[in-house]
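Presented below is the structure to which this report refers.
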Amino acid sequence: MKVLVTGTAGFIGNHLSIRLLDRGDEVIGIDNLNDYYDVNLKLARLDRIKDHSNYTHIQGNIADKELIEKAFKQHQPQRVVNLAAQAGVRYSLKNPHAYIESNIVGFTNILEGCRHNNAEHLVYASSSSVYGANESMPFSVHDNVDHPLSLYAASKKANELMAHTYSHLYGLPTTGLRFFTVYGPWGRPDMALFLFTKAILDGQPIKVFNYGKHRRDFTYVDDIVEGVIRTLDSTATPNPDWTGKKPDPGTSKAPWRVYNIGNQSPVELLKYIEILEQKLGKTAEKELLPLQPGDVPDTYADVEALVKDVDYKPATPIEEGIDQFVKWYRSYYK
């Protein structure tokens, strides 16, 4: 297939592009290489794919309407995976406008590109943060998600609603994937595993929020990519049993779906740090701090719908995943 992937210099987008290229798909990649974190890491990720004969790179911002219109018109992708977004809960408290530009304006441009160029399926990144103030565990796609705790979460919920209107009005099949704390080699420097590893190796204290009592459904990047590909290949369809009298938040009369994509096995943050200490052979100096504004105390994915529809099975134990990250980190940073 010809697949347009946004965010190909990003963590998940880069891993996904490699998998798609390995199986023979043609990938058109878009990334603006912004400086939210180390641009050199993004360029190093791009180096892994830029010379592949089936890869075409477009440097630009998905919020650039003309650029996106041109990319769709010129390449006519059959399927689209939108992973470009302004990420991060805490950063959304400092720079809210970045989230509107990328996650709202940019996503509108992607939807319009799909609509006007007859894309067969749009898969896009949502987030576990949409569950916000929900306390019922595990989080289910059939739960109501109307109480976000950050603008980042609100922008991801907005993406799901925007996609639904395009599925309803234009018959565009769309699937939103609520990612649960993705980690692994080539990860993002603003994520806990990266920050902890750097600090421990540098002999610096690590900031442990919520006094380490956070529980996170840490999901290894290879398991995430497998789920994205299975979903991409399985076009969203309407739920024939859906009714407006008892509306199911996870499905629709339109060809629209949302899925949790996680490990379905939450781990307490202190346990996560303990495993990392073992793999690094060093003990962390911990600065225990309270829960931060916008943070959700626990995430725990119910992935039953994804298992049922595409036979998704996360297979990487946390010990193995952290070990793979540490090996990559030591190698990349010498």
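Going by the structure tokens order, chains are called A, B, ..., each with residues numbered from 1, while ligands are numbered from 1 in the order shown.
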
Looking only at alpha helix (DSSP H) from DSSP on the backbone, list the matching residues of stretch 127-274 of chain A as a PyMOL selection string.
chain A and resi 151-170+192-201+221-233+269-274

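Using only C-alpha atoms, the protein and nucleic acid residues lying no more than 8 Å from A:Pro249, apart from those fewer than 5 places from it along its own chain, are Val141, His142, Asp143 and Asn144 of chain A.
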
Can you pull out the residues contacting A:Ser252? Cut-off 6 Å, using only C-alpha atoms, and skip same-chain residues under 3 positions away; I want them as a PyMOL selection string.
chain A and resi 238-239+242+256

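Closest approach to A:Ala71 among A:Asn117, A:Asn32, A:Asn40, A:Thr197 is made by A:Asn117 (distances from only C-alpha atoms).
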
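Taking only C-alpha atoms, the non-local environment of A:Lys253 within 12 Å (same-chain residues fewer than 5 positions away omitted) comprises His164, Thr165, Ser167, His168, Leu169, Gly171, Pro173, Ala236, Thr237, Pro238, Asn239, Pro240, Asp241, Trp242, Thr243, Gly244, Pro247 and Asp248 of chain A.
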
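Restricting the calculation to only C-alpha atoms, the smallest distance between A:Asp202 and any of A:Leu306, A:Val39, A:Leu280, A:Val225 is found for A:Leu280.
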